[in-house]
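I have placed the structure first, in the form of structure tokens, so that the comments after it can refer back to it.
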Amino acid sequence: MEHITIRNISRGYGQGESAVKALDDVSLDISKGEVCVILGPSGSGKSTLLNMIGGLDRVDSGSITVDGLEITALNKKQLTDYRREKLGMVFQAYNLIPELNVIENVRVVKDIAKEPLDETELLQVLGLEKHMTHFPSELSGGQQQRCSIARALVKNPALLLCDELTGALDSASTRDVLKVLQAINERYNTTIIMITHDERISGMADRLVRIKDGRVVENTVKTKLKAEELGI
């Protein structure tokens with residue numbers, strides 16, 4: 001079953017000689033429960049694509065449908081509802097609230113969710129059960145990233161978007177975070193889209209998408225590897 005259907009989307013920035021086409025007639029289908037890894041160099045358009053799926057940026061043309069909802073036809077308030085109810089988003093910057101401990105950071109999002117997961121169980125799945133009362137300043141980079149993942153997942157979203165979430169982590173923390181994503185995908189059948197520069201992460205994808213100069217140049221369905229098999 002298709003979870004995300006993208007048809008002929010384009011997005012440009014600037015005018016005249018300074019105009020840049022960030023996305024150029026991109027079409028893509030992503031199935032429910034897939035792990036999709038999007039690879040591409042800086043400036044290729046992969047972050048723009050993720051922002052479009054997340055309802056953070058508008059297309060110039062084309063359409064994006066997520067779980068039967070055409071998000072490119074929504075107004076600002078409807079997009080806010082879509083992000084609150086359907087999405088979890090994790091960025092390279094952890095964006096944790098420094099004055100709140102781990103479980104409080106997660107509960108901030110749980111309180112606005114319609115059908116949230118149990119935050120204690122989720123933190124156990126993420127290996128943070130011993131750190132629930134710790135503040136962000138008392139956590140390692142990998143632990144902070146896992147807390148930000150918990151905050152995104154506590155809403156019980158059908159779709160998790162990850163923007164270079166391992167870019168600032170060492171190898172051990174990267175392996176830990178990828179194992180967490182793998183476990184979340186298997187446990188909750190969450191559709192996961194990750195953008196990255198790291199070729200090694202492509203091994204854990206069900207679907208590998210490469211973007212260059214705003215166009216999809218590869219879209220491959222493959223057999224995925226376990227996180228511990230990626231050579232990281």
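Every chain in the structure tokens has a letter given in the order shown (A, B, ...), and although residue numbers restart at 1 in each chain, ligands are simply numbered from 1 in the order shown.
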From a DSSP pass on the backbone, collect the residues of range 3-229 of chain A flagged as helix (DSSP H, G or I) and hand them back as an MDAnalysis selection string. chainID A and resid 16:18 46:53 71:73 76:86 102:110 119:125 129:131 136:138 141:153 171:188 199:204 227:229
Tell me, as a PyMOL selection string, which residues lie within 12 Å of Cys147 in chain A, counting only C-alpha atoms; anything in the same chain fewer than 6 positions away does not count. chain A and resi 90-91+93-97+100-107+109+119-120+122-129+131-136+139-141+153-154+177+180
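Coordinates place CA of Arg200 in chain A at a distance of 11.2 Å from CA of Glu228 in chain A.
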The residue from A:Asp213, A:Glu229, A:Glu2, A:Glu138 with the smallest atom-to-atom distance to Asp25 in chain A, counting only C-alpha atoms, is A:Asp213
Just want the 10 Å neighbourhood of Ile53 in chain A, counted on only C-alpha atoms, with same-chain residues fewer than 2 positions away dropped. Output as a PyMOL selection string. chain A and resi 4-6+47-51+55-59+64-66+71-72+83+87+159+161+193
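Distance annotation: of A:Thr191, A:Thr166, A:Asn8, A:Ser148, the residue with the minimal separation from Lys86 in chain A is A:Thr191; atom set is only C-alpha atoms.
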What's the 8 Å shell around Val35 in chain A, counting only C-alpha atoms, without same-chain residues fewer than 3 positions away, as a PyMOL selection string? chain A and resi 185+191-194+204-207
Keeping only N, CA, C and O atoms, write the selected residues as a short mmCIF file (atom, residue, chain, number, x, y, z; two decimals), in the first residue's frame.
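Written out: out06.cif:
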```cif
data_model
loop_
_atom_site.label_atom_id
_atom_site.label_comp_id
_atom_site.auth_asym_id
_atom_site.auth_seq_id
_atom_site.Cartn_x
_atom_site.Cartn_y
_atom_site.Cartn_z
N ASN A 185 10.86 0.86 13.40
CA ASN A 185 10.24 0.44 12.14
C ASN A 185 9.63 -0.95 12.27
O ASN A 185 8.50 -1.19 11.83
N THR A 191 6.61 4.25 8.79
CA THR A 191 7.32 4.63 7.56
C THR A 191 8.39 5.64 7.94
O THR A 191 8.10 6.64 8.62
N ILE A 192 9.62 5.40 7.51
CA ILE A 192 10.74 6.27 7.89
C ILE A 192 11.42 6.77 6.63
O ILE A 192 11.77 5.98 5.74
N ILE A 193 11.61 8.09 6.54
CA ILE A 193 12.37 8.69 5.45
C ILE A 193 13.58 9.39 6.06
O ILE A 193 13.43 10.27 6.91
N MET A 194 14.76 9.00 5.62
CA MET A 194 16.00 9.60 6.11
C MET A 194 16.75 10.24 4.95
O MET A 194 16.93 9.60 3.91
N MET A 204 20.57 0.11 5.06
CA MET A 204 19.42 -0.27 5.89
C MET A 204 18.09 0.12 5.24
O MET A 204 17.04 -0.02 5.85
N ALA A 205 18.14 0.58 3.99
CA ALA A 205 16.92 1.03 3.30
C ALA A 205 16.18 -0.11 2.62
O ALA A 205 16.79 -1.01 2.04
N ASP A 206 14.84 -0.04 2.68
CA ASP A 206 14.00 -0.83 1.77
C ASP A 206 13.99 -0.18 0.39
O ASP A 206 13.91 -0.86 -0.63
N ARG A 207 14.04 1.16 0.40
CA ARG A 207 14.03 1.93 -0.84
C ARG A 207 15.16 2.96 -0.79
O ARG A 207 15.25 3.76 0.14
#
```
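Using only C-alpha atoms, the residues found no farther than 6 Å from Gly45 in chain A, other than those of its own chain fewer than 4 positions away, are Ala22, Leu23 and Gly214 of chain A.
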May I have all residues of range 1-140 of chain A that DSSP, computed from the backbone, assigns to strand (DSSP E or B), given as a ChimeraX atom specification? /A:2-13,20-31,35-39,61-66,69-70,87-91
Nearest to Asp67 in chain A, restricted to only C-alpha atoms and choosing among A:Ala158, A:Leu28, A:Val20, A:Ala150, comes out as A:Ala158
Gap from CA of Val221 in chain A to CA of Asn156 in chain A - Å, one decimal: 25.7 Å
Hey, which bits of range 48-167 of chain A sit within 7 Å of range 9-17 of chain A, and for each residue what's the closest pair of atoms and how far apart in Å (one decimal), counting only C-alpha atoms, rows by chain and increasing number, as JSON lines?
```
{"residue": "A:Val59", "atom": "CA", "partner": "A:Arg11", "partner_atom": "CA", "distance": 5.3}
{"residue": "A:Asp60", "atom": "CA", "partner": "A:Arg11", "partner_atom": "CA", "distance": 5.0}
{"residue": "A:Ser61", "atom": "CA", "partner": "A:Ile9", "partner_atom": "CA", "distance": 5.3}
{"residue": "A:Gly62", "atom": "CA", "partner": "A:Ile9", "partner_atom": "CA", "distance": 4.0}
{"residue": "A:Ser63", "atom": "CA", "partner": "A:Ile9", "partner_atom": "CA", "distance": 6.1}
```
Take the residues just selected and output them with N, CA, C and O atoms as a tab-separated table (two decimals), in the first residue's frame.
```tsv
chain	number	residue	atom	x	y	z
A	59	VAL	N	5.16	23.57	-2.75
A	59	VAL	CA	5.59	23.25	-4.11
A	59	VAL	C	5.15	24.38	-5.03
A	59	VAL	O	4.19	25.10	-4.77
A	60	ASP	N	5.89	24.55	-6.13
A	60	ASP	CA	5.45	25.46	-7.18
A	60	ASP	C	4.43	24.77	-8.09
A	60	ASP	O	3.51	25.41	-8.61
A	61	SER	N	4.61	23.47	-8.28
A	61	SER	CA	3.69	22.69	-9.09
A	61	SER	C	3.78	21.23	-8.67
A	61	SER	O	4.75	20.81	-8.03
A	62	GLY	N	2.76	20.46	-9.04
A	62	GLY	CA	2.72	19.05	-8.68
A	62	GLY	C	1.94	18.82	-7.40
A	62	GLY	O	1.35	19.73	-6.81
A	63	SER	N	1.93	17.57	-6.93
A	63	SER	CA	1.13	17.21	-5.75
A	63	SER	C	1.85	16.19	-4.88
A	63	SER	O	2.64	15.38	-5.38
```
Excluding Asn189 in chain A and any residue of its chain fewer than 3 positions from it, enumerate the residues within 9 Å of it, using only C-alpha atoms, and give them as a ChimeraX atom specification. /A:32-34,158,184-186
Could you save those same residues with all heavy atoms as a PDB file, in the first residue's frame?
```
ATOM      1  N   LYS A  32       3.825   1.979   2.727  1.00  0.00           N
ATOM      2  CA  LYS A  32       3.643   1.944   4.166  1.00  0.00           C
ATOM      3  C   LYS A  32       4.668   1.009   4.808  1.00  0.00           C
ATOM      4  O   LYS A  32       4.872  -0.120   4.369  1.00  0.00           O
ATOM      5  CB  LYS A  32       2.229   1.469   4.491  1.00  0.00           C
ATOM      6  CG  LYS A  32       1.948   1.226   5.970  1.00  0.00           C
ATOM      7  CD  LYS A  32       2.074   2.490   6.777  1.00  0.00           C
ATOM      8  CE  LYS A  32       1.831   2.211   8.266  1.00  0.00           C
ATOM      9  NZ  LYS A  32       2.184   3.387   9.100  1.00  0.00           N
ATOM     10  N   GLY A  33       5.346   1.496   5.844  1.00  0.00           N
ATOM     11  CA  GLY A  33       6.297   0.690   6.590  1.00  0.00           C
ATOM     12  C   GLY A  33       7.682   0.615   5.988  1.00  0.00           C
ATOM     13  O   GLY A  33       8.562  -0.041   6.554  1.00  0.00           O
ATOM     14  N   GLU A  34       7.899   1.285   4.876  1.00  0.00           N
ATOM     15  CA  GLU A  34       9.232   1.277   4.265  1.00  0.00           C
ATOM     16  C   GLU A  34      10.198   2.181   5.022  1.00  0.00           C
ATOM     17  O   GLU A  34       9.813   3.210   5.576  1.00  0.00           O
ATOM     18  CB  GLU A  34       9.176   1.762   2.811  1.00  0.00           C
ATOM     19  CG  GLU A  34       8.801   0.710   1.804  1.00  0.00           C
ATOM     20  CD  GLU A  34       8.988   1.185   0.367  1.00  0.00           C
ATOM     21  OE1 GLU A  34       9.006   2.396   0.093  1.00  0.00           O
ATOM     22  OE2 GLU A  34       9.098   0.292  -0.495  1.00  0.00           O
ATOM     23  N   ALA A 158       2.457   7.988  11.903  1.00  0.00           N
ATOM     24  CA  ALA A 158       2.594   6.971  10.866  1.00  0.00           C
ATOM     25  C   ALA A 158       3.851   7.188  10.044  1.00  0.00           C
ATOM     26  O   ALA A 158       4.338   6.268   9.386  1.00  0.00           O
ATOM     27  CB  ALA A 158       1.368   6.995   9.950  1.00  0.00           C
ATOM     28  N   ILE A 184      12.184   0.677  15.855  1.00  0.00           N
ATOM     29  CA  ILE A 184      10.921   1.409  15.757  1.00  0.00           C
ATOM     30  C   ILE A 184      10.161   0.988  14.507  1.00  0.00           C
ATOM     31  O   ILE A 184       8.941   0.755  14.534  1.00  0.00           O
ATOM     32  CB  ILE A 184      11.192   2.922  15.743  1.00  0.00           C
ATOM     33  CG1 ILE A 184      11.723   3.391  17.096  1.00  0.00           C
ATOM     34  CG2 ILE A 184       9.949   3.707  15.338  1.00  0.00           C
ATOM     35  CD1 ILE A 184      10.796   3.165  18.261  1.00  0.00           C
ATOM     36  N   ASN A 185      10.865   0.863  13.396  1.00  0.00           N
ATOM     37  CA  ASN A 185      10.240   0.443  12.139  1.00  0.00           C
ATOM     38  C   ASN A 185       9.627  -0.947  12.275  1.00  0.00           C
ATOM     39  O   ASN A 185       8.496  -1.189  11.833  1.00  0.00           O
ATOM     40  CB  ASN A 185      11.284   0.472  11.027  1.00  0.00           C
ATOM     41  CG  ASN A 185      10.794  -0.109   9.720  1.00  0.00           C
ATOM     42  OD1 ASN A 185      11.216  -1.195   9.314  1.00  0.00           O
ATOM     43  ND2 ASN A 185       9.892   0.590   9.049  1.00  0.00           N
ATOM     44  N   GLU A 186      10.353  -1.853  12.917  1.00  0.00           N
ATOM     45  CA  GLU A 186       9.876  -3.226  13.070  1.00  0.00           C
ATOM     46  C   GLU A 186       8.741  -3.319  14.087  1.00  0.00           C
ATOM     47  O   GLU A 186       7.785  -4.080  13.894  1.00  0.00           O
ATOM     48  CB  GLU A 186      11.035  -4.134  13.484  1.00  0.00           C
ATOM     49  CG  GLU A 186      12.093  -4.287  12.391  1.00  0.00           C
ATOM     50  CD  GLU A 186      13.316  -5.055  12.864  1.00  0.00           C
ATOM     51  OE1 GLU A 186      13.395  -5.358  14.082  1.00  0.00           O
ATOM     52  OE2 GLU A 186      14.195  -5.331  12.026  1.00  0.00           O
TER      53      GLU A 186
END
```
Among listed residues A:Arg151, A:Leu79, A:Glu115, A:Pro98, nearest Ser137 in chain A (using only C-alpha atoms): A:Pro98
